[in-house]
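Raw contents of final-v6.cif, mmCIF, C-alpha atoms and all ligand atoms:
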```
data_final
loop_
_atom_site.label_atom_id
_atom_site.label_comp_id
_atom_site.auth_asym_id
_atom_site.auth_seq_id
_atom_site.Cartn_x
_atom_site.Cartn_y
_atom_site.Cartn_z
CA MET A 1 36.52 -16.83 8.44
CA GLN A 2 38.74 -17.46 11.45
CA ASP A 3 40.60 -20.72 10.76
CA ASP A 4 40.85 -21.61 14.44
CA ILE A 5 37.10 -21.46 15.08
CA SER A 6 35.11 -24.43 13.88
CA GLU A 7 31.94 -23.81 15.84
CA VAL A 8 30.19 -20.90 17.53
CA ARG A 9 27.43 -21.08 20.16
CA VAL A 10 25.27 -18.06 21.00
CA PHE A 11 22.31 -17.20 23.20
CA ALA A 12 19.70 -14.74 21.92
CA PRO A 13 17.28 -13.44 24.57
CA ALA A 14 13.53 -13.12 24.59
CA THR A 15 12.22 -9.62 24.02
CA LEU A 16 9.10 -7.64 24.90
CA ALA A 17 7.82 -5.49 22.05
CA ASN A 18 5.59 -2.40 22.09
CA LEU A 19 5.94 -1.85 25.88
CA GLY A 20 2.37 -0.63 26.01
CA CYS A 21 2.73 2.62 24.13
CA GLY A 22 5.17 2.07 21.26
CA TYR A 23 3.47 -0.24 18.80
CA ASP A 24 6.14 -1.56 16.42
CA VAL A 25 8.74 0.96 17.62
CA LEU A 26 9.70 0.06 21.16
CA GLY A 27 11.09 -3.13 22.70
CA MET A 28 13.37 -4.49 25.43
CA ALA A 29 15.44 -7.59 26.02
CA ILE A 30 14.97 -9.64 29.19
CA HIS A 31 16.95 -12.32 31.02
CA GLY A 32 15.94 -15.98 31.16
CA PRO A 33 14.18 -17.34 28.10
CA GLY A 34 15.77 -17.30 24.67
CA ASP A 35 17.30 -19.36 21.87
CA GLU A 36 20.64 -21.14 21.90
CA ILE A 37 22.08 -21.53 18.43
CA VAL A 38 25.17 -23.40 17.34
CA ILE A 39 26.70 -22.85 13.92
CA ARG A 40 29.46 -24.80 12.21
CA LYS A 41 31.03 -24.94 8.80
CA ALA A 42 29.76 -27.81 6.64
CA SER A 43 32.18 -27.97 3.72
CA GLU A 44 30.27 -30.74 1.99
CA LYS A 45 27.19 -28.51 1.68
CA ARG A 46 26.57 -25.45 -0.45
CA HIS A 47 23.96 -23.69 1.65
CA VAL A 48 22.94 -22.87 5.19
CA THR A 49 21.00 -25.83 6.62
CA ILE A 50 19.46 -26.94 9.90
CA SER A 51 20.86 -30.08 11.49
CA GLN A 52 18.50 -30.20 14.46
CA ILE A 53 15.87 -28.23 16.36
CA THR A 54 15.12 -29.01 20.00
CA GLY A 55 12.58 -27.58 22.44
CA ASP A 56 9.98 -26.88 19.78
CA ASN A 57 7.77 -29.95 20.34
CA GLY A 58 8.25 -30.79 16.68
CA LYS A 59 6.45 -27.64 15.55
CA LEU A 60 9.20 -26.02 13.52
CA SER A 61 10.26 -27.11 10.06
CA LEU A 62 13.79 -28.25 9.31
CA ASP A 63 13.46 -26.47 5.96
CA ALA A 64 16.11 -23.75 6.12
CA THR A 65 14.13 -21.50 3.79
CA LYS A 66 11.34 -21.34 6.41
CA ASN A 67 13.28 -20.82 9.62
CA THR A 68 14.11 -17.30 10.79
CA ALA A 69 17.55 -18.36 12.08
CA THR A 70 18.75 -19.80 8.81
CA ILE A 71 17.15 -17.04 6.72
CA ALA A 72 19.03 -14.48 8.83
CA ALA A 73 22.30 -16.45 8.71
CA GLN A 74 22.02 -16.70 4.93
CA ALA A 75 21.29 -12.96 4.78
CA VAL A 76 24.60 -12.26 6.54
CA LEU A 77 26.42 -14.28 3.89
CA ASP A 78 24.55 -12.40 1.15
CA GLN A 79 25.36 -9.04 2.75
CA LEU A 80 29.06 -9.97 2.70
CA ASP A 81 28.80 -11.50 -0.77
CA LEU A 82 30.04 -14.83 0.58
CA GLY A 83 28.89 -18.40 0.00
CA GLY A 84 29.57 -21.80 1.46
CA GLY A 85 27.93 -24.51 3.52
CA PHE A 86 27.00 -24.06 7.17
CA GLU A 87 24.73 -25.94 9.53
CA LEU A 88 22.82 -24.74 12.53
CA ASP A 89 21.51 -26.45 15.65
CA ILE A 90 18.58 -24.49 17.09
CA HIS A 91 17.68 -25.06 20.72
CA LYS A 92 14.47 -23.28 21.69
CA LYS A 93 14.67 -22.37 25.36
CA MET A 94 11.59 -20.22 25.24
CA PRO A 95 7.95 -20.62 24.22
CA PHE A 96 6.86 -19.55 20.78
CA GLY A 97 3.64 -17.90 19.72
CA SER A 98 3.84 -16.34 23.18
CA GLY A 99 4.60 -12.69 22.43
CA LEU A 100 8.16 -12.99 23.75
CA GLY A 101 9.87 -12.60 20.40
CA SER A 102 10.63 -16.24 19.63
CA SER A 103 11.02 -15.73 15.88
CA ALA A 104 13.21 -12.69 16.52
CA ALA A 105 15.41 -14.60 18.97
CA SER A 106 16.08 -17.21 16.30
CA ALA A 107 16.73 -14.54 13.67
CA VAL A 108 19.07 -12.59 15.93
CA GLY A 109 20.85 -15.77 17.01
CA GLY A 110 21.27 -16.95 13.41
CA ALA A 111 22.65 -13.64 12.18
CA PHE A 112 24.93 -13.12 15.18
CA ALA A 113 26.26 -16.70 15.15
CA MET A 114 27.12 -16.53 11.46
CA ASN A 115 28.87 -13.19 11.91
CA GLU A 116 30.89 -14.52 14.86
CA LEU A 117 31.94 -17.62 12.91
CA LEU A 118 33.14 -15.34 10.13
CA GLY A 119 35.29 -13.34 12.57
CA ALA A 120 32.72 -10.59 13.27
CA PRO A 121 33.12 -8.47 10.13
CA LEU A 122 29.80 -6.72 10.84
CA SER A 123 28.79 -4.64 13.85
CA ARG A 124 25.61 -5.42 15.76
CA HIS A 125 23.89 -2.48 14.06
CA GLU A 126 25.02 -3.80 10.69
CA LEU A 127 23.40 -7.16 11.49
CA LEU A 128 19.97 -5.58 11.97
CA HIS A 129 19.01 -5.88 8.32
CA ALA A 130 19.92 -9.57 8.09
CA ALA A 131 18.09 -10.39 11.33
CA MET A 132 15.07 -8.47 10.09
CA GLN A 133 14.92 -10.58 6.96
CA GLY A 134 14.45 -13.64 9.15
CA GLU A 135 11.94 -11.91 11.40
CA ALA A 136 9.92 -10.56 8.46
CA ALA A 137 9.54 -14.06 7.04
CA ALA A 138 7.73 -15.11 10.23
CA SER A 139 5.82 -11.98 11.09
CA LYS A 140 4.95 -11.05 7.47
CA ALA A 141 5.75 -7.45 8.36
CA TRP A 142 8.83 -5.26 8.78
CA HIS A 143 9.05 -4.14 12.43
CA ALA A 144 12.30 -4.26 14.38
CA ASP A 145 10.93 -3.88 17.91
CA ASN A 146 11.96 -7.44 18.87
CA VAL A 147 15.04 -7.87 16.69
CA ALA A 148 16.67 -4.58 17.72
CA PRO A 149 16.74 -5.19 21.49
CA GLY A 150 17.66 -8.83 20.86
CA LEU A 151 20.74 -7.73 18.95
CA LEU A 152 21.65 -4.50 20.70
CA GLY A 153 20.36 -5.26 24.19
CA GLY A 154 18.50 -2.96 26.54
CA ILE A 155 15.53 -0.87 25.48
CA CYS A 156 15.40 0.11 21.82
CA LEU A 157 13.39 2.80 20.10
CA VAL A 158 13.00 2.24 16.37
CA ARG A 159 12.83 5.78 14.97
CA ASP A 160 12.17 4.42 11.48
CA ASN A 161 11.42 0.80 10.65
CA PRO A 162 12.13 0.89 6.87
CA SER A 163 15.67 2.21 7.33
CA LEU A 164 16.18 0.43 10.68
CA ASP A 165 17.21 3.64 12.40
CA VAL A 166 17.37 2.42 15.99
CA VAL A 167 18.48 4.12 19.20
CA ASN A 168 19.15 2.62 22.62
CA ILE A 169 17.28 4.15 25.54
CA PRO A 170 19.00 3.83 28.94
CA PRO A 171 16.94 1.65 31.30
CA PRO A 172 16.45 2.92 34.85
CA GLU A 173 18.62 0.95 37.26
CA ASN A 174 15.68 -0.22 39.32
CA LEU A 175 13.27 -1.12 36.53
CA TRP A 176 12.19 -4.76 36.90
CA ILE A 177 9.72 -6.66 34.79
CA THR A 178 7.38 -9.51 35.65
CA VAL A 179 6.25 -11.46 32.61
CA LEU A 180 3.06 -13.51 32.81
CA TYR A 181 3.14 -16.29 30.29
CA HIS A 182 0.20 -18.53 29.29
CA PRO A 183 1.76 -21.93 28.46
CA GLU A 184 -1.39 -23.28 26.85
CA ILE A 185 -2.16 -20.43 24.48
CA GLU A 186 -0.40 -19.45 21.28
CA ILE A 187 -1.13 -16.35 19.22
CA LEU A 188 0.54 -15.91 15.85
CA THR A 189 1.89 -12.40 15.37
CA SER A 190 0.64 -12.36 11.80
CA GLU A 191 -2.93 -13.03 13.06
CA ALA A 192 -2.72 -10.62 15.99
CA ARG A 193 -1.67 -7.87 13.61
CA GLU A 194 -5.03 -8.20 11.92
CA ARG A 195 -6.56 -6.97 15.20
CA VAL A 196 -4.77 -3.64 14.92
CA PRO A 197 -6.75 -0.98 13.06
CA SER A 198 -5.26 0.13 9.74
CA VAL A 199 -6.53 3.67 10.37
CA VAL A 200 -6.21 5.49 13.71
CA GLU A 201 -8.21 8.57 14.64
CA THR A 202 -6.21 11.75 15.14
CA HIS A 203 -7.08 12.10 18.83
CA HIS A 204 -5.78 8.58 19.44
CA ALA A 205 -2.63 9.25 17.42
CA THR A 206 -1.86 12.42 19.36
CA ALA A 207 -2.57 10.73 22.71
CA GLN A 208 -0.25 7.86 21.73
CA ALA A 209 2.50 10.24 20.65
CA GLY A 210 2.25 11.94 24.03
CA HIS A 211 2.46 8.67 25.93
CA LEU A 212 5.36 7.32 23.90
CA ALA A 213 7.34 10.53 24.25
CA SER A 214 6.68 10.72 27.98
CA LEU A 215 7.70 7.08 28.49
CA ILE A 216 11.03 7.80 26.80
CA SER A 217 11.47 10.85 29.03
CA GLY A 218 10.52 8.78 32.10
CA LEU A 219 13.09 6.13 31.19
CA TYR A 220 15.86 8.71 30.70
CA GLU A 221 15.01 10.44 33.97
CA SER A 222 14.28 7.23 35.95
CA ASP A 223 10.96 8.91 36.74
CA PHE A 224 8.82 5.95 37.78
CA ASP A 225 5.72 8.05 38.25
CA LEU A 226 5.97 9.31 34.68
CA ILE A 227 6.63 5.75 33.43
CA LYS A 228 3.48 4.66 35.27
CA ARG A 229 1.37 7.36 33.58
CA SER A 230 2.81 6.66 30.13
CA VAL A 231 2.13 2.95 29.56
CA VAL A 232 -1.19 3.40 27.79
CA ASP A 233 -2.04 1.74 24.47
CA HIS A 234 -4.74 3.28 22.26
CA ILE A 235 -3.67 1.37 19.16
CA ALA A 236 -2.98 -2.35 19.61
CA GLU A 237 -4.41 -3.29 23.02
CA PRO A 238 -8.11 -2.52 22.40
CA GLY A 239 -8.35 -5.09 19.60
CA ARG A 240 -6.03 -7.65 21.15
CA ARG A 241 -6.97 -7.81 24.82
CA GLU A 242 -10.05 -9.93 24.12
CA LEU A 243 -7.75 -12.63 22.67
CA ILE A 244 -6.05 -12.95 26.05
CA PRO A 245 -7.88 -14.83 28.82
CA HIS A 246 -8.27 -12.89 32.10
CA PHE A 247 -6.55 -9.78 30.74
CA GLY A 248 -8.56 -7.34 32.86
CA ASP A 249 -8.34 -9.50 35.99
CA TYR A 250 -4.57 -10.01 35.63
CA GLU A 251 -4.06 -6.30 35.04
CA LYS A 252 -6.00 -5.39 38.18
CA ARG A 253 -4.19 -7.95 40.32
CA SER A 254 -0.76 -6.95 39.02
CA LEU A 255 -1.38 -3.32 39.85
CA GLU A 256 -2.79 -4.27 43.28
CA ALA A 257 0.34 -6.37 43.93
CA GLY A 258 2.54 -3.35 43.29
CA ALA A 259 3.20 -3.12 39.54
CA ILE A 260 3.41 0.41 38.21
CA ALA A 261 2.26 -0.45 34.68
CA PHE A 262 0.83 -3.39 32.77
CA GLY A 263 0.37 -4.34 29.14
CA ILE A 264 0.52 -6.95 26.39
CA SER A 265 3.97 -8.24 25.48
CA GLY A 266 4.27 -7.91 21.72
CA SER A 267 1.30 -9.52 20.08
CA GLY A 268 0.49 -11.56 23.21
CA PRO A 269 -0.68 -13.64 24.93
CA SER A 270 2.19 -12.93 27.34
CA LEU A 271 1.69 -9.90 29.55
CA PHE A 272 4.20 -7.67 31.26
CA ALA A 273 4.20 -5.68 34.46
CA PHE A 274 6.73 -2.92 35.05
CA CYS A 275 7.86 -2.78 38.66
CA HIS A 276 10.02 -0.45 40.72
CA GLY A 277 12.54 -2.89 42.19
CA GLU A 278 13.01 -6.63 42.48
CA ILE A 279 10.87 -7.04 45.60
CA ALA A 280 7.85 -5.52 43.86
CA ALA A 281 8.42 -7.68 40.77
CA ASN A 282 8.52 -10.84 42.89
CA LYS A 283 5.32 -9.80 44.68
CA VAL A 284 3.57 -9.50 41.33
CA ALA A 285 4.80 -12.95 40.34
CA GLN A 286 3.63 -14.40 43.68
CA ALA A 287 0.16 -13.00 43.11
CA PHE A 288 -0.19 -15.51 40.26
CA GLN A 289 1.41 -18.57 41.87
CA TYR A 290 -1.87 -20.52 41.87
CA GLU A 291 -2.86 -19.56 38.32
CA PRO A 292 -2.24 -21.75 35.26
CA ILE A 293 0.45 -19.37 34.06
CA ASP A 294 4.22 -19.12 34.35
CA THR A 295 6.12 -16.02 35.34
CA TYR A 296 9.56 -14.63 34.61
CA VAL A 297 11.06 -11.91 36.78
CA SER A 298 13.86 -9.97 35.13
CA LYS A 299 15.78 -6.75 34.92
CA VAL A 300 16.32 -5.24 31.52
CA ASN A 301 18.92 -7.34 29.69
CA THR A 302 21.41 -4.76 28.47
CA GLN A 303 23.66 -7.27 26.67
CA GLY A 304 21.34 -8.72 24.05
CA VAL A 305 22.64 -11.72 22.14
CA ILE A 306 25.92 -13.10 23.44
CA ARG A 307 28.44 -15.76 22.58
CA ILE A 308 28.52 -18.63 25.06
CA GLU A 309 30.79 -21.62 25.63
N1 LIG B 1 5.10 -4.97 17.29
C1 LIG B 1 4.75 -6.32 16.96
C2 LIG B 1 3.26 -6.49 17.15
C3 LIG B 1 5.51 -7.24 17.88
O1 LIG B 1 2.74 -6.04 18.15
O2 LIG B 1 2.62 -7.08 16.27
C4 LIG B 1 5.25 -8.69 17.66
O3 LIG B 1 5.99 -9.43 18.60
#
```
Would you write the structure of this file as structure tokens?
Ligand code: HSE
Amino acid sequence: MQDDISEVRVFAPATLANLGCGYDVLGMAIHGPGDEIVIRKASEKRHVTISQITGDNGKLSLDATKNTATIAAQAVLDQLDLGGGFELDIHKKMPFGSGLGSSAASAVGGAFAMNELLGAPLSRHELLHAAMQGEAAASKAWHADNVAPGLLGGICLVRDNPSLDVVNIPPPENLWITVLYHPEIEILTSEARERVPSVVETHHATAQAGHLASLISGLYESDFDLIKRSVVDHIAEPGRRELIPHFGDYEKRSLEAGAIAFGISGSGPSLFAFCHGEIAANKVAQAFQYEPIDTYVSKVNTQGVIRIE
């Protein structure tokens, strides 16, 4: 541990998982919402603990064995075969149960903050496993499509979830995203996953493979027309869209306002619209100004989690 550092503060961004055609394997980080986490050494303690949580409306437990941030921070210590007492302040600056990767933001923030306090012995890629241990405790499944972009930034393709083989995909310069967020509705990822069929018919699997591959190609080539044709979900959306009020109406209005593609963010209920340029993204947001929803307009966040003052 660096002797001169007594405290580290980080910001871990919200993330959109699946991106319409990459269930459990594709995600991106955005600007705006996220978690701020502060970590400090607590010599009188023997474990990683939580000193306070703000912004959660009292919904999260202070039990460190149940919080994704502290589970991930502890996993970093375990990975390095270290011990000691540490305490975390967790400031939620994003909604949870919203499909914006709240549990992953905490997990990423916890792992990254611990690593920074220790003098950054691990690379961001090497922190993936620890962050995933936090995320898996919340989601009850092992998928890195939120954690990976939260840690690495940008758009991430998870080639293989078990081994956490993740690659960054370059975002087109002019790709903007409008997020539609329902403040009144929460959907637990673990429950939404029950809406996804355990068996997929071959014709759906081949169609999905085609769409996922063509989205990746569209992103590499900045081919917005190909991106538009590729955001199609045969796997998760059919069973989940009925959980989300006004899904069909919001999709139609987003596309009419200029979005090129539309889908569910992670397990929902947040929705995303891909847009070609900031002006188009703002027009989509304006189309919903009188609805009981909030919007975020963002470019792809290529930094991921960062240290802040
Ligand atoms: N890929 C996950 C799901 C993301 O759709 O269940 C959850 O945020």
Env. residues ligand LIG 1 (chain B) / 9 Å / all atoms listed in the file / as a PyMOL selection string: chain A and resi 15-18+22-27+97-104+139+141+143-146+188-194+196+236+264-268
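Nearest-residue note for A:Ser106: choosing from A:Trp176, A:Val305, A:Leu219, A:Tyr250, the minimum distance belongs to A:Val305, counting all atoms listed in the file.
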Exercise: stretch 32-39 of chain A partners within 7 Å, all atoms listed in the file, chain neighbours under 2 positions left out, as a ChimeraX atom specification: /A:7-14,30,86-94,105-106,109-110,113-114
Spatial neighbours of A:Met132, max dist 8 Å, all atoms listed in the file, sep filter under 2 positions, as an MDAnalysis selection string: chainID A and resid 72 104 107 128:130 134:136 142:144 147
Close residues, stretch 284-290 of chain A itself excluded, 10 Å, all atoms listed in the file, min 4 positions apart in chain, as a ChimeraX atom specification: /A:177-180,250,253-259,273-275,278-280,294-297
Let's have the selection written as a PDB file, in the frame of the given file, with C-alpha atoms.
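Below is the file part-v1.pdb, written as the result:
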```
ATOM      1  CA  ILE A 177       9.720  -6.660  34.790  1.00  0.00           C
ATOM      2  CA  THR A 178       7.380  -9.510  35.650  1.00  0.00           C
ATOM      3  CA  VAL A 179       6.250 -11.460  32.610  1.00  0.00           C
ATOM      4  CA  LEU A 180       3.060 -13.510  32.810  1.00  0.00           C
ATOM      5  CA  TYR A 250      -4.570 -10.010  35.630  1.00  0.00           C
ATOM      6  CA  ARG A 253      -4.190  -7.950  40.320  1.00  0.00           C
ATOM      7  CA  SER A 254      -0.760  -6.950  39.020  1.00  0.00           C
ATOM      8  CA  LEU A 255      -1.380  -3.320  39.850  1.00  0.00           C
ATOM      9  CA  GLU A 256      -2.790  -4.270  43.280  1.00  0.00           C
ATOM     10  CA  ALA A 257       0.340  -6.370  43.930  1.00  0.00           C
ATOM     11  CA  GLY A 258       2.540  -3.350  43.290  1.00  0.00           C
ATOM     12  CA  ALA A 259       3.200  -3.120  39.540  1.00  0.00           C
ATOM     13  CA  ALA A 273       4.200  -5.680  34.460  1.00  0.00           C
ATOM     14  CA  PHE A 274       6.730  -2.920  35.050  1.00  0.00           C
ATOM     15  CA  CYS A 275       7.860  -2.780  38.660  1.00  0.00           C
ATOM     16  CA  GLU A 278      13.010  -6.630  42.480  1.00  0.00           C
ATOM     17  CA  ILE A 279      10.870  -7.040  45.600  1.00  0.00           C
ATOM     18  CA  ALA A 280       7.850  -5.520  43.860  1.00  0.00           C
ATOM     19  CA  ASP A 294       4.220 -19.120  34.350  1.00  0.00           C
ATOM     20  CA  THR A 295       6.120 -16.020  35.340  1.00  0.00           C
ATOM     21  CA  TYR A 296       9.560 -14.630  34.610  1.00  0.00           C
ATOM     22  CA  VAL A 297      11.060 -11.910  36.780  1.00  0.00           C
TER      23      VAL A 297
END
```
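Going from atom CA of A:Arg195 over to atom CA of A:Pro238, you cover 8.6 Å.
Residues lying within 8 Å of A:Asn301, counting all atoms listed in the file and ignoring same-chain neighbours fewer than 3 positions away, are Met28, Ala29, Ile30, His31, Gly153, Gly154, Ser298 and Gly304 of chain A.
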Selected residue, from A:Ile155, A:Val48, A:Ala120, A:Ile293, that lies nearest to A:Gly84 when counting all atoms listed in the file: A:Val48
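If all atoms listed in the file are the atoms counted, then among A:Leu215, A:Ile71, A:Cys21, A:Ala42 the closest residue to A:Glu237 is A:Cys21.
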Test item: which residues lie within 12 Å of (25.1, -28.0, 0.8) counting all atoms listed in the file, as a VMD selection string: chain A and resid 41 to 51 64 83 to 87
